[in-house]
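The structure appears right after this line, and notes come after that.
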Amino acid sequence: VNILKAIENKHDNYALAQVLKSTLWLCKGIGNTLAEKYLAFANDNQLSLQQALFTAGDAVKISGTQREKLKTFIKSLWKLKRVSQDVEHTVSDIIDATLREVKYKEYIYAMHPKDETRADEKWQNVCE
């Protein structure tokens, strides 16, 4: 839900920070420390966290690996924002695109590697 909030409201720092700190595939390698650095940059420059991610460039000191992971995240966020802003897409389309982009099905199955039945149940709950 937080990623949907972040897509729709660029000023929702809490939702975006929660996404960055999550264990979703899209956010692996980003985590708490990086999210906190960008939140500090945003606060120091009177920006939203989303604006900070898009504009900070080299002003926030992070490793090359973190920068690449962040670029992937930002590209995905922009892609989902474009889907959400297209009047041809329904809310269902936006949710489906988000689930695909964050690889949520793969995430669920990875969380239950020894219990495929449980993973199937969780995925079916998402699909309902």
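Please note that chains go A, B, ... in the order of the structure tokens, that every chain numbers its residues from 1, and that ligands are numbered from 1 in the order shown.
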
Please list as a compact mmCIF listing (two decimals) with all heavy atoms, in the first residue's frame every residue within 8 Å of A:Lys81, counting only C-alpha atoms and excluding residues in the same chain fewer than 4 positions away.
# COMPACT_ATOMS: atom_id res chain seq x y z
N ILE A 7 3.45 6.68 -5.01
CA ILE A 7 3.25 6.96 -6.43
C ILE A 7 2.29 8.14 -6.61
O ILE A 7 2.52 9.02 -7.41
CB ILE A 7 2.70 5.71 -7.17
CG1 ILE A 7 3.78 4.63 -7.24
CG2 ILE A 7 2.19 6.06 -8.56
CD1 ILE A 7 3.22 3.26 -7.61
N GLU A 8 1.24 8.14 -5.82
CA GLU A 8 0.19 9.15 -5.97
C GLU A 8 0.48 10.47 -5.27
O GLU A 8 -0.08 11.49 -5.64
CB GLU A 8 -1.14 8.59 -5.48
CG GLU A 8 -1.73 7.57 -6.43
CD GLU A 8 -1.94 8.10 -7.85
OE1 GLU A 8 -2.49 9.20 -8.01
OE2 GLU A 8 -1.52 7.41 -8.78
N LEU A 77 9.88 3.72 -10.05
CA LEU A 77 8.93 4.68 -9.50
C LEU A 77 8.37 5.58 -10.61
O LEU A 77 7.16 5.81 -10.68
CB LEU A 77 9.59 5.52 -8.40
CG LEU A 77 8.69 6.40 -7.56
CD1 LEU A 77 7.65 5.57 -6.81
CD2 LEU A 77 9.52 7.21 -6.58
N GLN A 85 -0.74 8.12 -14.01
CA GLN A 85 -1.20 9.40 -14.57
C GLN A 85 -1.90 9.24 -15.91
O GLN A 85 -2.51 10.18 -16.40
CB GLN A 85 -0.02 10.35 -14.69
CG GLN A 85 0.52 10.77 -13.34
CD GLN A 85 1.84 11.49 -13.41
OE1 GLN A 85 2.49 11.54 -14.44
NE2 GLN A 85 2.27 12.03 -12.28

Taking 2 positions as the minimum chain separation for residues in the same chain, which residues sit within 10 Å of A:Trp123 when counting only C-alpha atoms? Answer as a ChimeraX atom specification.
/A:104-109,117-121,125-128

Need to verify the contact set: A:Ile62, 8 Å, only C-alpha atoms, exclusion of same-chain residues closer than 3 positions in sequence. Can you return it as a list in words?
Leu34, Gln66 and Arg67 of chain A

Which residue of A:Leu47, A:Leu80, A:Leu16, A:Cys27 approaches A:Leu99 most closely, using only C-alpha atoms:
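Closest to A:Leu99 of all the choices is A:Leu80.
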
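Residue nearest A:Asn45, chosen from A:Lys122, A:Ser92, A:Val60, A:Leu70 and counting only C-alpha atoms: A:Val60.
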